[in-house]
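Notes to accompany the following structure.
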Amino acid sequence: MEQYELLWQYQQVDMELDQYEKEMRNNSNRKELLKHRDFLLEQQNVLKKIETDVEVMADRMAALADEIKRLSGSVAEATANLENNRPENLEDVKKQMASLQKLVATLSRYEAELAKMRKDSEARDRQQREVRVRAAKARAEFDRIKVIYDEEYKVAVVKLEELKQKVAKEAKGIDADLLEKYKAIKRHAMPPITRLHEDRCGGCNMQLSAADKDRVRTGVPYVECENCGRIILVR
Ligand SMILES: [Zn+2]
């Protein structure tokens, strides 16, 4: 048989294989699995982010607690000082009271901040639990679908192998360079081989050039489309 006719037959099974691979990729359970996998990855990232937040908050809370302890000591000291060493005049009283009030104000500001951080931290804990529950549900659903999909895949892969063998069988007898050419065209035009329709390319519908029409008249087995690069079988 003519090389180009062999190639035409090869293309039929090659397209069949491509179509089957596409169907396998579009398997609804496979898509569901990918969706759940992406969701799980996303939840892992959320958890990581929460963990980092919690760490930063824990550091800040520890620093605040230290500062509160230190300030409480200062307040106690200033109070004791005020009581034990009676100020000599009103001006002195005012000065010491002002400094004490300032300490107390700072202290309560820190305490308020610490209380708010504790609340935030609890909210993060709740969030973390919710994410874990959501992730566990997604994981269970992933596992459930995986079992079904694995079975489907086992069956599909048998047919896939059959098709691959069929393609390999059809490739026998075709010139290696020609097969390479086919694969090169396939990268940008599908299917790579077409037939002549009237005087047009069966792939892109472009009319042949005058030169190619002449070549067809001389009986060449094929021409190459100037527009899409496909091999156009003449017969
Ligand atoms: Zn074309």
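All residue names refer to the structure tokens as shown: chains lettered A, B, ... in order, residues numbered from 1 in each chain, ligands numbered from 1 in order.
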What residues have any atom no more than 6 Å from ligand 1 when counting only C-alpha atoms and all ligand atoms, and can you list them as a CSV table (one decimal) with N, CA and C atoms, in the first residue's frame?
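Final output, saved to result-v3.csv:
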chain,number,residue,atom,x,y,z
A,201,CYS,N,-8.2,22.5,0.7
A,201,CYS,CA,-7.7,21.7,1.8
A,201,CYS,C,-8.9,21.2,2.7
A,203,GLY,N,-8.7,20.3,5.6
A,203,GLY,CA,-8.6,20.7,7.0
A,203,GLY,C,-9.0,22.2,7.3
A,204,CYS,N,-8.4,23.1,6.5
A,204,CYS,CA,-8.7,24.5,6.7
A,204,CYS,C,-9.5,25.1,5.6
A,205,ASN,N,-9.9,24.4,4.6
A,205,ASN,CA,-10.7,24.9,3.5
A,205,ASN,C,-10.1,25.9,2.6
A,206,MET,N,-8.8,26.1,2.7
A,206,MET,CA,-8.1,27.0,1.9
A,206,MET,C,-7.9,26.4,0.5
A,225,CYS,N,-0.6,21.8,2.5
A,225,CYS,CA,-1.4,23.0,2.5
A,225,CYS,C,-0.5,24.2,2.9
A,227,ASN,N,-1.5,27.0,3.9
A,227,ASN,CA,-2.1,27.7,5.0
A,227,ASN,C,-1.9,27.0,6.3
A,228,CYS,N,-2.3,25.7,6.4
A,228,CYS,CA,-2.3,25.1,7.7
A,228,CYS,C,-1.2,24.0,7.9
A,230,ARG,N,-1.0,21.1,6.7
A,230,ARG,CA,-1.4,19.7,6.7
A,230,ARG,C,-1.0,19.0,5.4
Report as CSV: every residue of range 79-114 of chain A with an atom at most 12 Å from range 47-61 of chain A, its closest pair of atoms, and their distance in Å to one decimal, counting only C-alpha atoms, with rows sorted by chain and ascending residue number.
residue,atom,partner,partner_atom,distance
A:Tyr110,CA,A:Met61,CA,9.9
A:Glu111,CA,A:Met61,CA,10.1
A:Ala112,CA,A:Met61,CA,11.4
A:Glu113,CA,A:Met61,CA,8.8
A:Leu114,CA,A:Met61,CA,6.2
Which polymer residues have any atom within 10 Å of an atom of Gln207 in chain A, counting only C-alpha atoms, with same-chain residues fewer than 3 positions away left out, as an mmCIF file with N, CA and C atoms, in the first residue's frame?
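Saved to result24.cif:
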data_model
loop_
_atom_site.group_PDB
_atom_site.id
_atom_site.type_symbol
_atom_site.label_atom_id
_atom_site.label_comp_id
_atom_site.auth_asym_id
_atom_site.auth_seq_id
_atom_site.Cartn_x
_atom_site.Cartn_y
_atom_site.Cartn_z
ATOM 1 N N LEU A 196 -8.224 16.059 -0.272
ATOM 2 C CA LEU A 196 -8.553 17.195 -1.119
ATOM 3 C C LEU A 196 -10.062 17.208 -1.365
ATOM 4 N N HIS A 197 -10.680 18.359 -1.127
ATOM 5 C CA HIS A 197 -12.112 18.513 -1.409
ATOM 6 C C HIS A 197 -12.248 19.555 -2.496
ATOM 7 N N GLU A 198 -12.679 19.069 -3.683
ATOM 8 C CA GLU A 198 -12.632 19.926 -4.880
ATOM 9 C C GLU A 198 -11.172 20.360 -5.019
ATOM 10 N N ASP A 199 -10.892 21.660 -4.906
ATOM 11 C CA ASP A 199 -9.476 22.042 -4.934
ATOM 12 C C ASP A 199 -9.113 22.758 -3.640
ATOM 13 N N ARG A 200 -9.763 22.297 -2.552
ATOM 14 C CA ARG A 200 -9.527 22.935 -1.256
ATOM 15 C C ARG A 200 -8.952 21.945 -0.240
ATOM 16 N N CYS A 201 -8.240 22.510 0.739
ATOM 17 C CA CYS A 201 -7.703 21.700 1.840
ATOM 18 C C CYS A 201 -8.867 21.234 2.707
ATOM 19 N N GLY A 202 -8.946 19.939 2.964
ATOM 20 C CA GLY A 202 -10.025 19.388 3.783
ATOM 21 C C GLY A 202 -9.909 19.784 5.248
ATOM 22 N N CYS A 204 -8.431 23.079 6.473
ATOM 23 C CA CYS A 204 -8.692 24.502 6.735
ATOM 24 C C CYS A 204 -9.539 25.140 5.649
ATOM 25 N N ALA A 210 -2.090 27.950 -7.421
ATOM 26 C CA ALA A 210 -2.049 27.515 -8.834
ATOM 27 C C ALA A 210 -0.962 26.465 -9.029
ATOM 28 N N ASP A 212 0.214 24.323 -6.814
ATOM 29 C CA ASP A 212 -0.196 23.036 -6.267
ATOM 30 C C ASP A 212 -1.262 22.361 -7.140
ATOM 31 N N LYS A 213 -2.136 23.167 -7.704
ATOM 32 C CA LYS A 213 -3.148 22.585 -8.603
ATOM 33 C C LYS A 213 -2.453 21.900 -9.786
ATOM 34 N N CYS A 225 -0.569 21.767 2.520
ATOM 35 C CA CYS A 225 -1.354 22.998 2.543
ATOM 36 C C CYS A 225 -0.455 24.172 2.924
ATOM 37 N N GLU A 226 -0.507 25.221 2.108
ATOM 38 C CA GLU A 226 0.328 26.398 2.382
ATOM 39 C C GLU A 226 -0.193 27.177 3.584
ATOM 40 N N ASN A 227 -1.455 26.969 3.876
ATOM 41 C CA ASN A 227 -2.064 27.716 4.977
ATOM 42 C C ASN A 227 -1.902 27.017 6.332
#
Query raised in the report: Arg235 in chain A: which residues within 10 Å, counting only C-alpha atoms, same-chain residues fewer than 6 positions away excluded, as an MDAnalysis selection string?
Result: chainID A and resid 5 195:197 216 219:222
Per DSSP on the backbone, filter range 4-216 of chain A down to the residues in alpha helix (DSSP H) and report them as a PDB file with C-alpha atoms, in the first residue's frame.
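That gives us result_34.pdb:
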ATOM      1  CA  TYR A   4       0.361   8.009   2.449  1.00  0.00           C
ATOM      2  CA  GLU A   5      -2.579   5.628   2.550  1.00  0.00           C
ATOM      3  CA  LEU A   6      -0.863   3.733   5.381  1.00  0.00           C
ATOM      4  CA  LEU A   7      -0.463   7.030   7.151  1.00  0.00           C
ATOM      5  CA  TRP A   8      -4.155   7.781   6.630  1.00  0.00           C
ATOM      6  CA  GLN A   9      -5.047   4.484   8.311  1.00  0.00           C
ATOM      7  CA  TYR A  10      -2.562   5.190  11.059  1.00  0.00           C
ATOM      8  CA  GLN A  11      -4.253   8.520  11.645  1.00  0.00           C
ATOM      9  CA  GLN A  12      -7.632   6.831  12.156  1.00  0.00           C
ATOM     10  CA  VAL A  13      -6.384   4.732  15.098  1.00  0.00           C
ATOM     11  CA  ASP A  14      -4.173   7.535  16.353  1.00  0.00           C
ATOM     12  CA  MET A  15      -7.226   9.829  16.558  1.00  0.00           C
ATOM     13  CA  GLU A  16      -9.168   7.042  18.250  1.00  0.00           C
ATOM     14  CA  LEU A  17      -6.407   6.793  20.868  1.00  0.00           C
ATOM     15  CA  ASP A  18      -6.353  10.564  21.386  1.00  0.00           C
ATOM     16  CA  GLN A  19     -10.116  10.616  21.773  1.00  0.00           C
ATOM     17  CA  TYR A  20      -9.957   7.824  24.332  1.00  0.00           C
ATOM     18  CA  GLU A  21      -7.235   9.572  26.312  1.00  0.00           C
ATOM     19  CA  LYS A  22      -9.374  12.685  26.296  1.00  0.00           C
ATOM     20  CA  GLU A  23     -12.358  10.708  27.606  1.00  0.00           C
ATOM     21  CA  MET A  24     -10.166   9.299  30.367  1.00  0.00           C
ATOM     22  CA  ARG A  25      -9.043  12.788  31.354  1.00  0.00           C
ATOM     23  CA  SER A  28     -16.242  12.708  36.030  1.00  0.00           C
ATOM     24  CA  ASN A  29     -14.837  10.870  39.057  1.00  0.00           C
ATOM     25  CA  ARG A  30     -11.321  11.899  38.082  1.00  0.00           C
ATOM     26  CA  LYS A  31     -12.446  15.517  37.924  1.00  0.00           C
ATOM     27  CA  GLU A  32     -14.164  15.200  41.295  1.00  0.00           C
ATOM     28  CA  LEU A  33     -10.974  13.769  42.773  1.00  0.00           C
ATOM     29  CA  LEU A  34      -8.912  16.654  41.424  1.00  0.00           C
ATOM     30  CA  LYS A  35     -11.453  19.117  42.824  1.00  0.00           C
ATOM     31  CA  HIS A  36     -11.253  17.527  46.276  1.00  0.00           C
ATOM     32  CA  ARG A  37      -7.473  17.350  46.094  1.00  0.00           C
ATOM     33  CA  ASP A  38      -7.270  21.073  45.282  1.00  0.00           C
ATOM     34  CA  PHE A  39      -9.668  21.836  48.108  1.00  0.00           C
ATOM     35  CA  LEU A  40      -7.567  19.808  50.547  1.00  0.00           C
ATOM     36  CA  LEU A  41      -4.397  21.604  49.501  1.00  0.00           C
ATOM     37  CA  GLU A  42      -6.177  24.912  49.970  1.00  0.00           C
ATOM     38  CA  GLN A  43      -7.299  23.917  53.469  1.00  0.00           C
ATOM     39  CA  GLN A  44      -3.748  22.890  54.322  1.00  0.00           C
ATOM     40  CA  ASN A  45      -2.594  26.353  53.322  1.00  0.00           C
ATOM     41  CA  VAL A  46      -5.330  27.942  55.412  1.00  0.00           C
ATOM     42  CA  LEU A  47      -4.252  25.853  58.395  1.00  0.00           C
ATOM     43  CA  LYS A  48      -0.620  26.810  57.891  1.00  0.00           C
ATOM     44  CA  LYS A  49      -1.605  30.476  57.784  1.00  0.00           C
ATOM     45  CA  ILE A  50      -3.628  30.116  61.003  1.00  0.00           C
ATOM     46  CA  GLU A  51      -0.743  28.320  62.699  1.00  0.00           C
ATOM     47  CA  THR A  52       1.635  31.139  61.765  1.00  0.00           C
ATOM     48  CA  ASP A  53      -0.880  33.711  63.036  1.00  0.00           C
ATOM     49  CA  VAL A  54      -1.284  31.800  66.292  1.00  0.00           C
ATOM     50  CA  GLU A  55       2.491  31.647  66.768  1.00  0.00           C
ATOM     51  CA  VAL A  56       2.862  35.384  66.218  1.00  0.00           C
ATOM     52  CA  MET A  57      -0.051  36.040  68.568  1.00  0.00           C
ATOM     53  CA  ALA A  58       1.377  33.742  71.232  1.00  0.00           C
ATOM     54  CA  ASP A  59       4.684  35.638  71.102  1.00  0.00           C
ATOM     55  CA  ARG A  60       2.902  38.959  71.341  1.00  0.00           C
ATOM     56  CA  MET A  61       0.712  37.747  74.202  1.00  0.00           C
ATOM     57  CA  ALA A  62       3.751  36.513  76.123  1.00  0.00           C
ATOM     58  CA  ALA A  63       5.439  39.885  75.611  1.00  0.00           C
ATOM     59  CA  LEU A  64       2.300  41.684  76.760  1.00  0.00           C
ATOM     60  CA  ALA A  65       1.977  39.480  79.838  1.00  0.00           C
ATOM     61  CA  ASP A  66       5.612  40.256  80.751  1.00  0.00           C
ATOM     62  CA  GLU A  67       5.028  43.952  80.250  1.00  0.00           C
ATOM     63  CA  ILE A  68       1.853  43.839  82.363  1.00  0.00           C
ATOM     64  CA  LYS A  69       3.750  42.091  85.149  1.00  0.00           C
ATOM     65  CA  ARG A  70       6.484  44.687  85.009  1.00  0.00           C
ATOM     66  CA  LEU A  71       4.020  47.595  84.979  1.00  0.00           C
ATOM     67  CA  SER A  72       2.010  46.088  87.855  1.00  0.00           C
ATOM     68  CA  GLY A  73       5.250  46.006  89.848  1.00  0.00           C
ATOM     69  CA  SER A  74       5.909  49.644  88.975  1.00  0.00           C
ATOM     70  CA  VAL A  75       2.387  50.653  90.019  1.00  0.00           C
ATOM     71  CA  ALA A  76       2.721  48.808  93.345  1.00  0.00           C
ATOM     72  CA  GLU A  77       6.112  50.396  93.904  1.00  0.00           C
ATOM     73  CA  ALA A  78       4.864  53.907  93.080  1.00  0.00           C
ATOM     74  CA  THR A  79       1.824  53.427  95.309  1.00  0.00           C
ATOM     75  CA  ALA A  80       3.949  52.228  98.204  1.00  0.00           C
ATOM     76  CA  ASN A  81       6.353  55.076  97.659  1.00  0.00           C
ATOM     77  CA  LEU A  82       3.500  57.565  97.740  1.00  0.00           C
ATOM     78  CA  GLU A  83       2.211  56.111 101.005  1.00  0.00           C
ATOM     79  CA  ASN A  84       5.524  55.686 102.778  1.00  0.00           C
ATOM     80  CA  LEU A  90       0.970  69.747  96.779  1.00  0.00           C
ATOM     81  CA  GLU A  91       3.082  70.129  93.659  1.00  0.00           C
ATOM     82  CA  ASP A  92       4.921  66.932  94.566  1.00  0.00           C
ATOM     83  CA  VAL A  93       1.663  65.096  95.195  1.00  0.00           C
ATOM     84  CA  LYS A  94       0.348  66.154  91.822  1.00  0.00           C
ATOM     85  CA  LYS A  95       3.564  65.038  90.098  1.00  0.00           C
ATOM     86  CA  GLN A  96       3.600  61.607  91.728  1.00  0.00           C
ATOM     87  CA  MET A  97      -0.130  61.097  91.144  1.00  0.00           C
ATOM     88  CA  ALA A  98       0.255  62.032  87.461  1.00  0.00           C
ATOM     89  CA  SER A  99       3.059  59.558  87.010  1.00  0.00           C
ATOM     90  CA  LEU A 100       1.063  56.861  88.790  1.00  0.00           C
ATOM     91  CA  GLN A 101      -1.999  57.554  86.638  1.00  0.00           C
ATOM     92  CA  LYS A 102       0.119  57.323  83.526  1.00  0.00           C
ATOM     93  CA  LEU A 103       1.401  53.910  84.632  1.00  0.00           C
ATOM     94  CA  VAL A 104      -2.122  52.725  85.407  1.00  0.00           C
ATOM     95  CA  ALA A 105      -3.403  53.963  82.042  1.00  0.00           C
ATOM     96  CA  THR A 106      -0.629  52.118  80.175  1.00  0.00           C
ATOM     97  CA  LEU A 107      -1.289  49.030  82.245  1.00  0.00           C
ATOM     98  CA  SER A 108      -5.006  48.975  81.433  1.00  0.00           C
ATOM     99  CA  ARG A 109      -4.265  49.598  77.753  1.00  0.00           C
ATOM    100  CA  TYR A 110      -1.988  46.553  77.711  1.00  0.00           C
ATOM    101  CA  GLU A 111      -4.549  44.514  79.603  1.00  0.00           C
ATOM    102  CA  ALA A 112      -7.227  45.472  77.086  1.00  0.00           C
ATOM    103  CA  GLU A 113      -4.902  44.526  74.241  1.00  0.00           C
ATOM    104  CA  LEU A 114      -4.119  41.204  75.859  1.00  0.00           C
ATOM    105  CA  ALA A 115      -7.832  40.479  76.383  1.00  0.00           C
ATOM    106  CA  LYS A 116      -8.533  41.265  72.728  1.00  0.00           C
ATOM    107  CA  MET A 117      -5.678  39.016  71.605  1.00  0.00           C
ATOM    108  CA  ARG A 118      -6.986  36.172  73.742  1.00  0.00           C
ATOM    109  CA  LYS A 119     -10.350  36.545  72.053  1.00  0.00           C
ATOM    110  CA  ASP A 120      -8.731  36.641  68.597  1.00  0.00           C
ATOM    111  CA  SER A 121      -6.701  33.620  69.501  1.00  0.00           C
ATOM    112  CA  GLU A 122      -9.824  31.728  70.548  1.00  0.00           C
ATOM    113  CA  ALA A 123     -11.459  32.708  67.259  1.00  0.00           C
ATOM    114  CA  ARG A 124      -8.437  31.290  65.434  1.00  0.00           C
ATOM    115  CA  ASP A 125      -8.792  28.071  67.422  1.00  0.00           C
ATOM    116  CA  ARG A 126     -12.435  27.783  66.391  1.00  0.00           C
ATOM    117  CA  GLN A 127     -11.512  28.541  62.784  1.00  0.00           C
ATOM    118  CA  GLN A 128      -8.809  25.890  62.931  1.00  0.00           C
ATOM    119  CA  ARG A 129     -11.306  23.309  64.188  1.00  0.00           C
ATOM    120  CA  GLU A 130     -13.795  24.228  61.453  1.00  0.00           C
ATOM    121  CA  VAL A 131     -11.140  23.918  58.755  1.00  0.00           C
ATOM    122  CA  ARG A 132     -10.079  20.541  60.141  1.00  0.00           C
ATOM    123  CA  VAL A 133     -13.694  19.314  60.053  1.00  0.00           C
ATOM    124  CA  ARG A 134     -14.150  20.559  56.476  1.00  0.00           C
ATOM    125  CA  ALA A 135     -10.852  18.996  55.409  1.00  0.00           C
ATOM    126  CA  ALA A 136     -11.770  15.682  57.047  1.00  0.00           C
ATOM    127  CA  LYS A 137     -15.079  15.615  55.157  1.00  0.00           C
ATOM    128  CA  ALA A 138     -13.316  16.375  51.873  1.00  0.00           C
ATOM    129  CA  ARG A 139     -10.724  13.705  52.650  1.00  0.00           C
ATOM    130  CA  ALA A 140     -13.453  11.105  53.296  1.00  0.00           C
ATOM    131  CA  GLU A 141     -15.197  12.047  50.053  1.00  0.00           C
ATOM    132  CA  PHE A 142     -11.872  11.885  48.209  1.00  0.00           C
ATOM    133  CA  ASP A 143     -11.205   8.394  49.579  1.00  0.00           C
ATOM    134  CA  ARG A 144     -14.728   7.228  48.709  1.00  0.00           C
ATOM    135  CA  ILE A 145     -14.469   8.427  45.084  1.00  0.00           C
ATOM    136  CA  LYS A 146     -10.884   7.155  44.787  1.00  0.00           C
ATOM    137  CA  VAL A 147     -12.033   3.582  45.309  1.00  0.00           C
ATOM    138  CA  ILE A 148     -14.599   3.909  42.507  1.00  0.00           C
ATOM    139  CA  TYR A 149     -12.218   5.736  40.203  1.00  0.00           C
ATOM    140  CA  ASP A 150      -9.399   3.229  40.725  1.00  0.00           C
ATOM    141  CA  GLU A 151     -11.747   0.484  39.499  1.00  0.00           C
ATOM    142  CA  GLU A 152     -12.774   2.541  36.468  1.00  0.00           C
ATOM    143  CA  TYR A 153      -9.155   3.325  35.735  1.00  0.00           C
ATOM    144  CA  LYS A 154      -8.148  -0.327  35.898  1.00  0.00           C
ATOM    145  CA  VAL A 155     -10.714  -1.126  33.196  1.00  0.00           C
ATOM    146  CA  ALA A 156      -9.926   1.961  31.112  1.00  0.00           C
ATOM    147  CA  VAL A 157      -6.197   1.358  31.108  1.00  0.00           C
ATOM    148  CA  VAL A 158      -6.708  -2.063  29.514  1.00  0.00           C
ATOM    149  CA  LYS A 159      -8.526  -0.493  26.580  1.00  0.00           C
ATOM    150  CA  LEU A 160      -5.919   2.260  26.462  1.00  0.00           C
ATOM    151  CA  GLU A 161      -3.152  -0.315  26.142  1.00  0.00           C
ATOM    152  CA  GLU A 162      -5.072  -2.088  23.370  1.00  0.00           C
ATOM    153  CA  LEU A 163      -5.397   1.159  21.458  1.00  0.00           C
ATOM    154  CA  LYS A 164      -1.723   1.951  21.947  1.00  0.00           C
ATOM    155  CA  GLN A 165      -0.789  -1.443  20.560  1.00  0.00           C
ATOM    156  CA  LYS A 166      -3.115  -0.892  17.644  1.00  0.00           C
ATOM    157  CA  VAL A 167      -1.415   2.429  16.909  1.00  0.00           C
ATOM    158  CA  ALA A 168       2.026   0.831  17.187  1.00  0.00           C
ATOM    159  CA  LYS A 169       0.924  -1.904  14.781  1.00  0.00           C
ATOM    160  CA  GLU A 170      -0.374   0.628  12.250  1.00  0.00           C
ATOM    161  CA  ALA A 171       2.911   2.523  12.490  1.00  0.00           C
ATOM    162  CA  ALA A 176      10.083   6.950  10.060  1.00  0.00           C
ATOM    163  CA  ASP A 177      10.615  10.402   8.541  1.00  0.00           C
ATOM    164  CA  LEU A 178       7.027  10.499   7.364  1.00  0.00           C
ATOM    165  CA  LEU A 179       5.801   9.548  10.824  1.00  0.00           C
ATOM    166  CA  GLU A 180       7.935  12.304  12.320  1.00  0.00           C
ATOM    167  CA  LYS A 181       6.429  14.740   9.886  1.00  0.00           C
ATOM    168  CA  TYR A 182       2.948  13.600  10.876  1.00  0.00           C
ATOM    169  CA  LYS A 183       3.758  14.193  14.543  1.00  0.00           C
ATOM    170  CA  ALA A 184       5.214  17.606  13.788  1.00  0.00           C
ATOM    171  CA  ILE A 185       2.060  18.687  11.926  1.00  0.00           C
ATOM    172  CA  LYS A 186      -0.078  17.220  14.710  1.00  0.00           C
ATOM    173  CA  ALA A 210      -2.049  27.515  -8.834  1.00  0.00           C
ATOM    174  CA  ALA A 211       1.303  25.721  -8.497  1.00  0.00           C
ATOM    175  CA  ASP A 212      -0.196  23.036  -6.267  1.00  0.00           C
ATOM    176  CA  LYS A 213      -3.148  22.585  -8.603  1.00  0.00           C
ATOM    177  CA  ASP A 214      -0.634  21.961 -11.381  1.00  0.00           C
ATOM    178  CA  ARG A 215       1.167  19.413  -9.236  1.00  0.00           C
ATOM    179  CA  VAL A 216      -2.120  17.646  -8.516  1.00  0.00           C
TER     180      VAL A 216
END
Report task. Measure the distance from CA of Ala189 in chain A to CA of Asp175 in chain A in Å and round it to one decimal. Result -> 20.4 Å
